[in-house]
$ cat coords_7.cif   # mmCIF, C-alpha atoms
data_data
loop_
_atom_site.label_atom_id
_atom_site.label_comp_id
_atom_site.auth_asym_id
_atom_site.auth_seq_id
_atom_site.Cartn_x
_atom_site.Cartn_y
_atom_site.Cartn_z
CA MET A 1379 0.00 0.00 0.00
CA ALA A 1380 1.48 3.38 -0.98
CA ARG A 1381 2.09 5.93 1.73
CA SER A 1382 0.85 9.50 1.45
CA VAL A 1383 3.61 11.89 0.48
CA GLY A 1384 4.81 14.10 3.32
CA ILE A 1385 2.89 12.25 6.01
CA ASP A 1386 4.29 9.83 8.55
CA ARG A 1387 3.16 8.48 11.90
CA THR A 1388 4.86 11.33 13.78
CA LYS A 1389 3.01 13.96 11.71
CA VAL A 1390 -0.32 12.18 12.17
CA ILE A 1391 0.18 12.08 15.96
CA ALA A 1392 1.28 15.73 16.08
CA VAL A 1393 -1.82 16.85 14.18
CA ALA A 1394 -4.03 14.67 16.36
CA ALA A 1395 -2.47 16.27 19.44
CA GLU A 1396 -3.23 19.75 18.08
CA LEU A 1397 -6.84 18.76 17.40
CA ALA A 1398 -7.25 17.12 20.80
CA ASP A 1399 -5.98 20.29 22.47
CA GLU A 1400 -8.20 22.45 20.30
CA PHE A 1401 -11.46 20.49 20.49
CA GLY A 1402 -10.99 17.94 23.28
CA LEU A 1403 -9.78 14.35 23.27
CA GLU A 1404 -13.29 12.88 23.27
CA GLN A 1405 -14.21 14.85 20.14
CA LEU A 1406 -11.12 13.73 18.21
CA THR A 1407 -11.86 11.69 15.09
CA LEU A 1408 -9.72 10.23 12.37
CA ALA A 1409 -11.76 12.21 9.85
CA GLN A 1410 -10.65 15.46 11.54
CA VAL A 1411 -7.02 14.37 11.39
CA ALA A 1412 -7.31 13.44 7.72
CA THR A 1413 -8.97 16.76 6.90
CA ARG A 1414 -6.30 18.76 8.76
CA LEU A 1415 -3.59 16.80 6.93
CA GLY A 1416 -5.35 17.22 3.58
CA VAL A 1417 -5.57 13.49 2.89
CA LYS A 1418 -8.34 10.97 2.50
CA LEU A 1419 -9.32 9.09 5.64
CA PRO A 1420 -8.11 5.66 4.43
CA SER A 1421 -4.61 7.12 4.03
CA LEU A 1422 -4.33 7.43 7.81
CA TYR A 1423 -4.46 3.65 8.17
CA ASN A 1424 -0.99 3.54 6.63
CA HIS A 1425 0.23 5.29 9.78
CA VAL A 1426 -2.13 4.37 12.63
CA ASP A 1427 -4.23 1.33 13.38
CA GLY A 1428 -7.46 3.20 14.02
CA LEU A 1429 -8.57 5.57 16.74
CA PRO A 1430 -7.52 3.35 19.68
CA ASP A 1431 -3.94 3.21 18.36
CA LEU A 1432 -3.96 6.97 17.82
CA ARG A 1433 -5.20 7.61 21.38
CA ARG A 1434 -2.52 5.28 22.76
CA ALA A 1435 0.09 7.22 20.78
CA LEU A 1436 -1.27 10.49 22.18
CA ALA A 1437 -1.07 9.08 25.70
CA LEU A 1438 2.56 8.09 25.15
CA LEU A 1439 3.39 11.51 23.71
CA GLY A 1440 1.73 13.27 26.63
CA ILE A 1441 3.41 11.05 29.23
CA ARG A 1442 6.81 11.63 27.65
CA GLN A 1443 6.28 15.37 27.46
CA LEU A 1444 5.14 15.45 31.09
CA MET A 1445 8.24 13.46 32.04
CA VAL A 1446 10.46 16.09 30.44
CA GLN A 1447 8.54 18.88 32.19
CA PHE A 1448 8.77 17.14 35.59
CA THR A 1449 12.46 16.41 35.25
CA GLN A 1450 13.38 19.90 34.13
CA ALA A 1451 11.27 21.45 36.88
CA ALA A 1452 12.84 19.35 39.64
CA ILE A 1453 16.48 19.83 38.64
CA GLY A 1454 18.42 21.67 41.33
CA LYS A 1455 15.51 21.74 43.78
CA ALA A 1456 14.74 19.69 46.86
CA GLU A 1457 11.78 18.85 49.06
CA ASP A 1458 9.01 21.48 49.06
CA ALA A 1459 10.64 23.56 46.31
CA ALA A 1460 10.88 20.49 44.05
CA ILE A 1461 7.27 19.48 44.73
CA ILE A 1462 6.03 22.99 43.95
CA ALA A 1463 8.15 23.20 40.78
CA MET A 1464 6.85 19.84 39.53
CA ALA A 1465 3.27 20.78 40.39
CA ASP A 1466 3.62 24.09 38.55
CA ALA A 1467 5.02 22.26 35.51
CA TYR A 1468 2.19 19.72 35.61
CA ARG A 1469 -0.45 22.44 35.91
CA ALA A 1470 1.10 24.48 33.10
CA TYR A 1471 1.24 21.44 30.84
CA ALA A 1472 -2.39 20.48 31.52
CA ARG A 1473 -3.51 24.05 30.84
CA ALA A 1474 -1.48 24.36 27.63
CA HIS A 1475 -2.38 20.89 26.31
CA PRO A 1476 -5.80 19.93 27.70
CA GLY A 1477 -6.53 17.26 25.08
CA LEU A 1478 -3.12 15.67 25.19
CA TYR A 1479 -3.18 15.82 28.97
CA ALA A 1480 -6.55 14.03 28.98
CA ALA A 1481 -4.95 11.22 26.98
CA THR A 1482 -2.46 10.62 29.81
CA LEU A 1483 -5.03 10.04 32.54
CA ARG A 1484 -5.93 6.40 32.02
CA ALA A 1485 -3.44 3.85 33.32
CA PRO A 1486 -1.84 1.80 30.54
CA GLY A 1487 -3.07 -1.72 29.93
CA PRO A 1488 -1.14 -4.47 31.71
CA ASP A 1489 0.34 -5.74 28.43
CA ASP A 1490 1.44 -2.35 27.12
CA VAL A 1491 5.06 -2.49 28.23
CA GLU A 1492 6.09 0.71 26.46
CA ALA A 1493 3.33 2.79 28.05
CA LEU A 1494 3.87 1.17 31.46
CA GLN A 1495 7.56 2.05 31.34
CA ALA A 1496 6.80 5.62 30.30
CA ALA A 1497 4.28 6.06 33.13
CA GLN A 1498 6.65 4.45 35.62
CA SER A 1499 9.35 6.95 34.66
CA ILE A 1500 7.16 9.80 35.92
CA VAL A 1501 6.43 7.93 39.13
CA GLU A 1502 10.17 7.42 39.63
CA VAL A 1503 10.86 11.15 39.29
CA VAL A 1504 8.24 11.95 41.91
CA LEU A 1505 9.53 9.19 44.19
CA THR A 1506 13.02 10.64 43.87
CA VAL A 1507 11.73 14.08 44.84
CA LEU A 1508 9.93 12.55 47.83
CA GLU A 1509 12.99 10.56 48.96
CA PRO A 1510 14.34 13.24 51.35
CA TYR A 1511 11.11 13.02 53.36
CA GLY A 1512 12.02 9.47 54.39
CA LEU A 1513 8.64 7.91 53.68
CA ALA A 1514 8.17 4.16 53.81
CA GLU A 1515 7.57 2.57 50.39
CA ALA A 1516 3.77 2.35 50.70
CA ALA A 1517 3.54 5.88 52.10
CA ALA A 1518 5.63 7.18 49.21
CA ILE A 1519 3.22 5.63 46.69
CA HIS A 1520 0.29 7.17 48.58
CA ALA A 1521 2.10 10.51 48.41
CA VAL A 1522 2.62 10.15 44.63
CA ARG A 1523 -1.06 9.37 44.12
CA GLY A 1524 -2.06 12.19 46.43
CA LEU A 1525 0.05 14.75 44.60
CA ARG A 1526 -1.33 13.68 41.24
CA SER A 1527 -4.88 13.81 42.60
CA ILE A 1528 -4.40 17.27 44.08
CA ILE A 1529 -2.94 18.74 40.90
CA HIS A 1530 -5.40 16.99 38.59
CA GLY A 1531 -8.38 18.01 40.68
CA PHE A 1532 -7.25 21.61 40.86
CA VAL A 1533 -6.50 21.84 37.13
CA THR A 1534 -9.75 20.12 36.17
CA LEU A 1535 -11.82 22.51 38.25
CA GLU A 1536 -9.79 25.48 37.04
CA LEU A 1537 -10.22 24.58 33.36
CA ALA A 1538 -13.94 23.99 33.86
CA GLY A 1539 -14.36 27.46 35.39
CA GLY A 1540 -15.05 26.00 38.82
CA PHE A 1541 -13.21 28.70 40.77
CA GLU A 1542 -15.29 31.87 40.61
CA LEU A 1543 -14.58 33.24 44.07
CA PRO A 1544 -12.47 36.42 43.96
CA LEU A 1545 -9.25 34.86 45.22
CA ASP A 1546 -6.13 34.32 43.14
CA HIS A 1547 -5.90 30.77 41.73
CA ASP A 1548 -2.12 30.72 42.02
CA GLU A 1549 -2.36 31.63 45.69
CA SER A 1550 -4.85 28.80 46.28
CA PHE A 1551 -2.63 26.37 44.41
CA ARG A 1552 0.42 27.34 46.50
CA TRP A 1553 -1.57 27.01 49.72
CA LEU A 1554 -2.71 23.55 48.67
CA LEU A 1555 0.84 22.44 47.82
CA HIS A 1556 2.28 23.79 51.08
CA THR A 1557 -0.43 21.95 52.99
CA TYR A 1558 0.34 18.76 51.05
CA SER A 1559 4.08 19.13 51.77
CA ALA A 1560 3.38 19.64 55.47
CA GLY A 1561 1.27 16.48 55.44
CA VAL A 1562 4.02 14.49 53.72
CA ARG A 1563 6.54 15.75 56.24
CA ALA A 1564 4.23 14.78 59.11
CA ALA A 1565 3.77 11.29 57.63
CA ALA A 1566 7.52 10.66 57.60
CA PRO A 1567 8.83 8.38 60.37
CA SER A 1568 10.60 11.33 62.02
CA GLY A 1569 7.54 13.59 61.54
#

$ encode --input "coords_7.cif" --output "C-alpha cells"
Amino acid sequence: MARSVGIDRTKVIAVAAELADEFGLEQLTLAQVATRLGVKLPSLYNHVDGLPDLRRALALLGIRQLMVQFTQAAIGKAEDAAIIAMADAYRAYARAHPGLYAATLRAPGPDDVEALQAAQSIVEVVLTVLEPYGLAEAAAIHAVRGLRSIIHGFVTLELAGGFELPLDHDESFRWLLHTYSAGVRAAAPSG
C-alpha cells in the first residue's frame, strides 16, 4: 500500500495532538485528522491502526512530554521547592495541552510495556523528589497518588471554570501544595 507523500506516523500524531488540544480528546476523530492533513481518511491507516492506536500514541506523547517537564522542573531543587516546581510544571502542561493531557489520565493496559515504562518513569521522578522526606515505600506511593490527585483536581476545576470566588488561583494552588508538603513531612517516620 502506498504511503501519502509528506505524512508519517509522527506527523499524524502531532496533528491529532493539536486537534485534541483544540477540540478535546473525546471529540477527536480520524476524519478530523485526515482533513487537517489534507488526505483521504483511508490514508491514515498507513500510519495508525485506528482511533484506539492513535489515542494510545497520544497518551505516550503526553506522558513523555510530562516526564520532560517534571524532570526539568525538579532539577536543582529539593523537598518542598521540588514538589512545587513539579506541580507548577504539571499544571502548566495540563492548561497548555488539555486534550493531550486528557490522553495521559488512564493507566496503561497491563500488556502495554512501552506505556507502562513511560508512566513508571514519571512515578520514579516523583519518588526521587519525595525521597528526602524518608517515607516508607507504601507511604511514598500514597504521596505520589495524592500529589497527582491534588494537581489533577485543581486543574480540572480550574479549566472547567469552577473557581469563581475572587481569590487568586495561584495563591490557592500554592496554599494547597504547602499543605500537602506539610502532610508528607508529618507522615515521615521522624515527623

$ atom_distance --input "coords_7.cif" --atom1 "atom CA of Arg1434 of chain A" --atom2 "atom CA of Ile1519 of chain A"
24.6 Å

$ atom_distance --input "coords_7.cif" --atom1 "atom CA of Leu1483 of chain A" --atom2 "atom CA of Gly1540 of chain A"
19.9 Å

$ closest_residue --input "coords_7.cif" --among "A:Arg1442, A:Lys1455, A:His1475, A:Arg1523" --to "Gly1402 of chain A" --atoms "all atoms listed in the file"
A:His1475

$ resolve_selection --input "coords_7.cif" --expression "the PyMOL selection byres ((chain A and resi 1472) around 12)" --output "JSON, numbers by chain"
{"A": [1399, 1440, 1441, 1443, 1444, 1447, 1465, 1466, 1467, 1468, 1469, 1470, 1471, 1473, 1474, 1475, 1476, 1477, 1478, 1479, 1480, 1481, 1482, 1483, 1526, 1529, 1530, 1531, 1532, 1533, 1534, 1535, 1536, 1537]}

$ atom_distance --input "coords_7.cif" --atom1 "atom CA of His1425 of chain A" --atom2 "atom CA of Arg1387 of chain A"
4.8 Å

$ residues_around --input "coords_7.cif" --residues "Gly1384 of chain A" --least-positions-apart "6" --cutoff "12 Å" --atoms "all atoms listed in the file" --output "ChimeraX atom specification"
/A:1390,1415-1417,1421,1425

$ residues_around --input "coords_7.cif" --residues "Glu1515 of chain A" --least-positions-apart "6" --cutoff "12 Å" --atoms "all atoms listed in the file" --output "list in words"
Leu1505, Thr1506, Leu1508, Glu1509, Ala1521, Val1522, Ala1565, Ala1566 and Pro1567 of chain A

$ closest_residue --input "coords_7.cif" --among "A:Val1504, A:Gly1512, A:Pro1420, A:Gln1405" --to "Ile1462 of chain A" --atoms "all atoms listed in the file"
A:Val1504

$ resolve_selection --input "coords_7.cif" --expression "the PyMOL selection byres ((chain A and resi 1414) around 10)" --output "JSON, numbers by chain"
{"A": [1390, 1393, 1394, 1396, 1397, 1408, 1409, 1410, 1411, 1412, 1413, 1415, 1416, 1417]}

$ closest_residue --input "coords_7.cif" --among "A:Glu1457, A:Met1445, A:Glu1542, A:Pro1430" --to "Thr1407 of chain A" --atoms "all atoms listed in the file"
A:Pro1430

$ residues_around --input "coords_7.cif" --residues "Ala1451 of chain A" --least-positions-apart "6" --cutoff "8 Å" --atoms "only C-alpha atoms" --output "list in words"
Ala1460, Ala1463, Met1464 and Ala1467 of chain A
